[in-house]
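A.B. asks: There's a structure below that I have some questions on.
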Amino acid sequence: MLYRKFNNLDKDVSVLGLGTMRFPVINNDQNKIDEQKSIEIIRYAIDHGTNYIDTAYPYHGGNSELVVGKALLDGYREKVTLATKNPVWLVRKYDDFEKYLDEQLQKLQTEYFDVYILHALNKKMWDKIKNLGALKFLDEAKAKGKIKLAGFSFHDEFEVYEEIMDSYNWDMCMIQLNYIDQDEQAGLKGLRYAEEKEVPIVVMEPLKGGLLANPPEDILLKLQKSREISPVEWSFKWLSNYPIIKVILSGMSTMEQLVENLEISNGLEADNMTEEDYKVIDEVIDMYNSRDIIDCTNCQYCMPCPVGVNIPFNFKLFNDASIYGSLKNSAYQYNLLIKPEEQASNCIECHQCEPKCPQKINISQELKRVEKLLRTDEEFESNHWVY
Ligand SMILES: NC(=O)c1ccc[n+]([C@@H]2O[C@H](COP(=O)([O-])OP(=O)(O)OC[C@H]3O[C@@H](n4cnc5c(N)ncnc54)[C@H](OP(=O)(O)O)[C@@H]3O)[C@@H](O)[C@H]2O)c1
């Protein structure tokens with residue numbers, strides 16, 4: 001495993017970090033974590049060299065922090081750099097910052113956090129919490145020994161990122177990055193800016209929520225013709241080639257994914273991309289761009305919908321149809337397998353979900369496109385699966 005120095009922490013951090021927003025769940029209910037399997041995943045990751053764990057107040061309806069706390073008993077806490085995030089959208093007054101921090105320390109059964117992050121900042125949220133004294137709170141929390149490093153996670157345009165970066169002596173920053181999102185949000189420009197300011201970067205959504213792990217056949221062939229490595233390895237290689245990226249946070253939902261990602265990370269080295277590799281990635285980006293994809297990463301921040309529309313699943317069906325050419329399969333699932341209230345057509349355009357979307361998707365409009373593409377009167381037979 002490649003380890004990298006992370007600010008002034010004693011322990012170097014593993015380049016593969018464990019994101020805890022994608023735990024296995026029971027009955028498809030995102031709030032019901034399969035605790036036993038998840039604890040097994042966390043401890044296996046730690047036993048095999050991963051030492052950076054990232055959670056947050058809202059993940060899995062507040063249960064991610066509780067499960068991580070349980071997994072880190074029996075001596076595991078001391079082995080890891082533990083990061084969690086302040087739910088800034090719930091903060092109404094200065095004291096709320098510390099109220100949530102204290103609640104999180106309790107939930108995670110720890111005395112301190114190695115890394116404490118202001119969660120999912122954008123311009124509006126930044127202006128609000130800056131005025132409420134967020135930066136003073138971070139200084140005080142450090143002085144009290146409740147947190148070691150202070151950072152922010154980010155979802156907005158580069159100019160906002162630059163403003164936030166310049167407002168405080170940040171110890172780290174978390175941005176969304178993968179090879180097809182180089183120009184989205186903070187993007188590569190933001191990475192270079194962090195490098196100039198020597199702010200360590202943790203990357204979220206390295207596989208674009210899983211999309212890059214399962215490319216369609218033409219893209220898979222393009223990648224494998226050049227190097228016989230998996231699509232996940234391509235993604236991790238591309239990211240780890242930037243030394244300012246200290247941790248690639250991967251949300252792994254099965255033990256098999258963890259084992260694969262550990263194996264890949266064990267083989268990662270700094271300076272591992274050739275000019276030819278970059279050319280292949282550029283071609284693959286063009287191939288993805290030629291498809292009509294809704295930019296959803298299944299982060300679930302938009303959920304629950306007040307009338308029950310399963311927003312991420314509708315977008316997944318649309319993307320599957322567009323990326324894999326499997327229109328019949330998506331239409332079958334849309335028309336017959338998901339409940340009527342979960343379907344895109346049930347959207348009442350209340351727009352409550354839209355400000356919550358880190359990708360700034362115009363959700364109600366995109367749901368109309370889902371309905372238009374997938375609604376059909378066709379009679380399906382049970383063997384109508386395309387892949
Ligand atoms: N601060 C924020 O605003 C914010 C936002 C988003 C994420 N995060 C953090 O960043 C972490 C990482 O983001 P992410 O979960 O979106 O990461 P990601 O790596 O882009 O996506 C995770 C998904 O990729 C798929 N995957 C992972 N390894 C795989 C493998 N070996 N083979 C096939 N599929 C594989 C799985 O999808 P399937 O489950 O479909 O198989 C998994 O759920 C999160 O868990 C969370 O801790 C923070």
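Here, A, B, ... name the chains of the structure tokens in the order displayed, residue numbers run from 1 inside each chain, and ligands are numbered from 1 in the same displayed order.
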Which protein, DNA or RNA residues have an atom within 7 Å of ligand 1, counting only C-alpha atoms and all ligand atoms, as a PyMOL selection string?

C.D. replies: chain A and resi 18-22+54-55+119-120+153-155+174+204-211+213-214+232+249-253+257-258+260-261+297+299

A.B. asks: Any chance you can output those residues with N, CA and C atoms as a CSV table (one decimal), in the first residue's frame?

C.D. replies:
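The result, written out as again32.csv:
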```
chain,number,residue,atom,x,y,z
A,18,LEU,N,-11.4,4.5,3.2
A,18,LEU,CA,-12.7,3.9,3.2
A,18,LEU,C,-13.8,4.9,3.4
A,19,GLY,N,-14.6,5.1,2.4
A,19,GLY,CA,-15.8,6.0,2.5
A,19,GLY,C,-16.9,5.2,3.0
A,20,THR,N,-17.7,5.8,3.9
A,20,THR,CA,-18.7,5.0,4.6
A,20,THR,C,-20.2,5.5,4.3
A,21,MET,N,-20.4,5.8,3.0
A,21,MET,CA,-21.7,6.2,2.5
A,21,MET,C,-22.4,5.1,1.7
A,22,ARG,N,-21.7,4.0,1.5
A,22,ARG,CA,-22.1,3.0,0.6
A,22,ARG,C,-22.1,1.6,1.3
A,54,ASP,N,-13.6,7.7,6.5
A,54,ASP,CA,-14.3,9.0,6.3
A,54,ASP,C,-15.8,8.7,6.5
A,55,THR,N,-16.5,9.4,7.5
A,55,THR,CA,-17.9,9.2,7.6
A,55,THR,C,-18.5,10.7,7.7
A,119,HIS,N,-19.1,20.2,6.0
A,119,HIS,CA,-19.6,19.3,5.0
A,119,HIS,C,-20.3,20.0,3.8
A,120,ALA,N,-19.9,19.6,2.6
A,120,ALA,CA,-20.5,20.0,1.4
A,120,ALA,C,-20.7,21.5,1.2
A,153,SER,N,-15.4,20.0,2.8
A,153,SER,CA,-15.6,19.3,1.5
A,153,SER,C,-16.5,20.2,0.7
A,154,PHE,N,-16.3,20.0,-0.7
A,154,PHE,CA,-16.7,21.1,-1.6
A,154,PHE,C,-17.5,20.6,-2.7
A,155,HIS,N,-18.6,21.4,-3.0
A,155,HIS,CA,-19.4,21.1,-4.3
A,155,HIS,C,-19.9,22.5,-4.8
A,174,MET,N,-11.5,18.3,0.8
A,174,MET,CA,-12.0,17.1,0.1
A,174,MET,C,-12.8,17.6,-1.2
A,204,MET,N,-13.1,12.4,-3.2
A,204,MET,CA,-14.4,11.6,-3.1
A,204,MET,C,-14.9,11.3,-4.5
A,205,GLU,N,-15.7,10.3,-4.6
A,205,GLU,CA,-16.3,9.9,-5.9
A,205,GLU,C,-15.3,9.5,-7.0
A,206,PRO,N,-14.2,8.8,-6.6
A,206,PRO,CA,-13.2,8.5,-7.6
A,206,PRO,C,-13.7,7.6,-8.7
A,207,LEU,N,-14.8,6.9,-8.5
A,207,LEU,CA,-15.3,6.1,-9.6
A,207,LEU,C,-16.6,6.7,-10.1
A,208,LYS,N,-16.8,8.0,-9.9
A,208,LYS,CA,-18.1,8.6,-10.2
A,208,LYS,C,-19.3,7.8,-9.7
A,209,GLY,N,-19.2,7.4,-8.4
A,209,GLY,CA,-20.3,6.7,-7.8
A,209,GLY,C,-20.4,5.3,-8.3
A,210,GLY,N,-19.4,4.8,-9.0
A,210,GLY,CA,-19.5,3.4,-9.5
A,210,GLY,C,-19.5,3.3,-11.0
A,211,LEU,N,-19.9,4.4,-11.6
A,211,LEU,CA,-20.1,4.4,-13.1
A,211,LEU,C,-18.8,3.9,-13.8
A,213,ALA,N,-16.5,2.0,-12.8
A,213,ALA,CA,-16.1,0.6,-12.5
A,213,ALA,C,-16.7,-0.3,-13.5
A,214,ASN,N,-17.8,0.1,-14.1
A,214,ASN,CA,-18.6,-0.8,-15.0
A,214,ASN,C,-18.8,-0.1,-16.4
A,232,VAL,N,-11.3,-0.1,-12.6
A,232,VAL,CA,-11.1,0.6,-11.3
A,232,VAL,C,-9.6,1.0,-11.1
A,249,LEU,N,-10.8,8.2,-1.6
A,249,LEU,CA,-11.8,7.6,-0.8
A,249,LEU,C,-12.7,6.8,-1.6
A,250,SER,N,-12.8,5.5,-1.3
A,250,SER,CA,-13.6,4.7,-2.1
A,250,SER,C,-14.8,4.2,-1.3
A,251,GLY,N,-16.0,4.3,-1.8
A,251,GLY,CA,-17.2,3.8,-1.1
A,251,GLY,C,-17.4,2.3,-1.6
A,252,MET,N,-17.0,1.4,-0.7
A,252,MET,CA,-17.1,0.0,-1.2
A,252,MET,C,-18.3,-0.7,-0.5
A,253,SER,N,-19.1,-1.3,-1.3
A,253,SER,CA,-20.4,-1.8,-0.7
A,253,SER,C,-20.3,-3.3,-0.5
A,257,GLN,N,-15.5,-6.0,-3.5
A,257,GLN,CA,-15.0,-4.7,-4.0
A,257,GLN,C,-13.8,-4.3,-3.1
A,258,LEU,N,-13.9,-4.5,-1.8
A,258,LEU,CA,-12.8,-4.1,-0.9
A,258,LEU,C,-11.5,-4.9,-1.2
A,260,GLU,N,-10.7,-6.3,-4.0
A,260,GLU,CA,-10.1,-5.9,-5.3
A,260,GLU,C,-9.4,-4.5,-5.1
A,261,ASN,N,-10.0,-3.6,-4.4
A,261,ASN,CA,-9.5,-2.3,-4.3
A,261,ASN,C,-8.2,-2.3,-3.5
A,297,THR,N,-24.6,10.8,-9.1
A,297,THR,CA,-23.6,9.8,-8.6
A,297,THR,C,-24.2,9.0,-7.5
A,299,CYS,N,-25.4,9.7,-4.7
A,299,CYS,CA,-25.0,10.1,-3.3
A,299,CYS,C,-26.2,10.1,-2.4
```

A.B. asks: From a DSSP pass on the backbone, collect the residues of stretch 23-176 of chain A flagged as alpha helix (DSSP H) and hand them back as an MDAnalysis selection string.

C.D. replies: chainID A and resid 35:47 63:71 94:107 123:131 134:143 158:165

A.B. asks: Could you name the residues that touch A:Lys79 at 10 Å or less, counting only C-alpha atoms, but leaving out those on the same chain fewer than 5 positions away, as an mmCIF file with N, CA and C atoms, in the first residue's frame?

C.D. replies:
```cif
data_model
loop_
_atom_site.group_PDB
_atom_site.id
_atom_site.type_symbol
_atom_site.label_atom_id
_atom_site.label_comp_id
_atom_site.auth_asym_id
_atom_site.auth_seq_id
_atom_site.Cartn_x
_atom_site.Cartn_y
_atom_site.Cartn_z
ATOM 1 N N LYS A 11 0.991 9.753 11.765
ATOM 2 C CA LYS A 11 0.844 8.565 10.914
ATOM 3 C C LYS A 11 0.654 8.966 9.459
ATOM 4 N N ILE A 46 -8.935 -2.268 7.632
ATOM 5 C CA ILE A 46 -7.877 -1.806 8.542
ATOM 6 C C ILE A 46 -6.799 -2.887 8.689
ATOM 7 N N ASP A 47 -7.245 -4.140 8.842
ATOM 8 C CA ASP A 47 -6.272 -5.241 8.998
ATOM 9 C C ASP A 47 -5.387 -5.393 7.762
ATOM 10 N N GLY A 49 -4.308 -2.776 5.761
ATOM 11 C CA GLY A 49 -3.485 -1.612 5.409
ATOM 12 C C GLY A 49 -4.199 -0.292 5.202
ATOM 13 N N THR A 50 -5.557 -0.298 5.140
ATOM 14 C CA THR A 50 -6.249 0.995 4.997
ATOM 15 C C THR A 50 -6.317 1.659 6.367
ATOM 16 N N ASN A 51 -5.913 2.911 6.437
ATOM 17 C CA ASN A 51 -5.936 3.543 7.762
ATOM 18 C C ASN A 51 -6.612 4.911 7.760
ATOM 19 N N TYR A 52 -7.385 5.210 6.708
ATOM 20 C CA TYR A 52 -8.138 6.472 6.685
ATOM 21 C C TYR A 52 -9.617 6.137 6.507
ATOM 22 N N LEU A 72 -14.832 0.494 15.384
ATOM 23 C CA LEU A 72 -13.519 0.971 15.843
ATOM 24 C C LEU A 72 -13.251 0.645 17.315
#
```

A.B. asks: Rank nothing, just name the residue among A:Ala56, A:Gln352, A:Asn63, A:Val307 nearest to A:Asp29, using only C-alpha atoms.

C.D. replies: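 Using only C-alpha atoms, the shortest distance to A:Asp29 belongs to A:Asn63.
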
A.B. asks: As a list in words, please: every residue in stretch 114-233 of chain A that a backbone DSSP assignment puts in strand (DSSP E or B).

C.D. replies: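 Residues meeting the strand (DSSP E or B) criterion: Asp114, Val115, Tyr116, Ile117, Leu118, His119, Ala120, Leu121, Ile147, Lys148, Leu149, Ala150, Gly151, Phe152, Ser153, Phe154, Met172, Cys173, Met174, Ile175, Gln176, Ile201, Val202, Val203 and Met204 of chain A.
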
A.B. asks: Which of these, A:Leu268, A:Val284, A:Val88, A:Ile117, has the shortest distance to A:Ser14 once you count only C-alpha atoms?

C.D. replies: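 When distances to A:Ser14 are compared using only C-alpha atoms, the smallest one comes from A:Leu268.
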
A.B. asks: So, with only C-alpha atoms as the atoms that count, which of A:Leu317, A:Cys353, A:Ala141, A:Val115 lies closest to A:Arg369?

C.D. replies: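 Looking only at the distances to A:Arg369, the closest residue turns out to be A:Leu317.
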
A.B. asks: Using only C-alpha atoms, which of the listed residues (A:Lys148, A:Asp156, A:Trp126, A:Pro87) sits closest to A:Lys99?

C.D. replies: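 Closest candidate: A:Pro87.
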
A.B. asks: Please, what distance in Å, to one decimal, runs between atom CA of A:Asp183 and atom CA of A:Trp238?

C.D. replies: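 About the pair atom CA of A:Asp183 and atom CA of A:Trp238: they are 14.8 Å apart.
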
A.B. asks: When distances are computed from only C-alpha atoms, which of A:Ala194, A:Leu2, A:Leu135, A:Val15 shows the smallest separation from A:Tyr161?

C.D. replies: A:Ala194

A.B. asks: What does the structure give for the distance between atom CA of A:Ile53 and atom CA of A:Glu198, in Å to one decimal?

C.D. replies: 21.7 Å

A.B. asks: Atom CA of A:Asp12 to atom CA of A:Gly62: how many Å, to one decimal?

C.D. replies: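 Computing it gives 28.6 Å between the two atoms.
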
A.B. asks: Using only C-alpha atoms, which residue out of A:Lys5, A:Cys305, A:Phe313, A:Lys246 lies closest to A:Cys350?

C.D. replies: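 The closest residue to A:Cys350 is A:Cys305.
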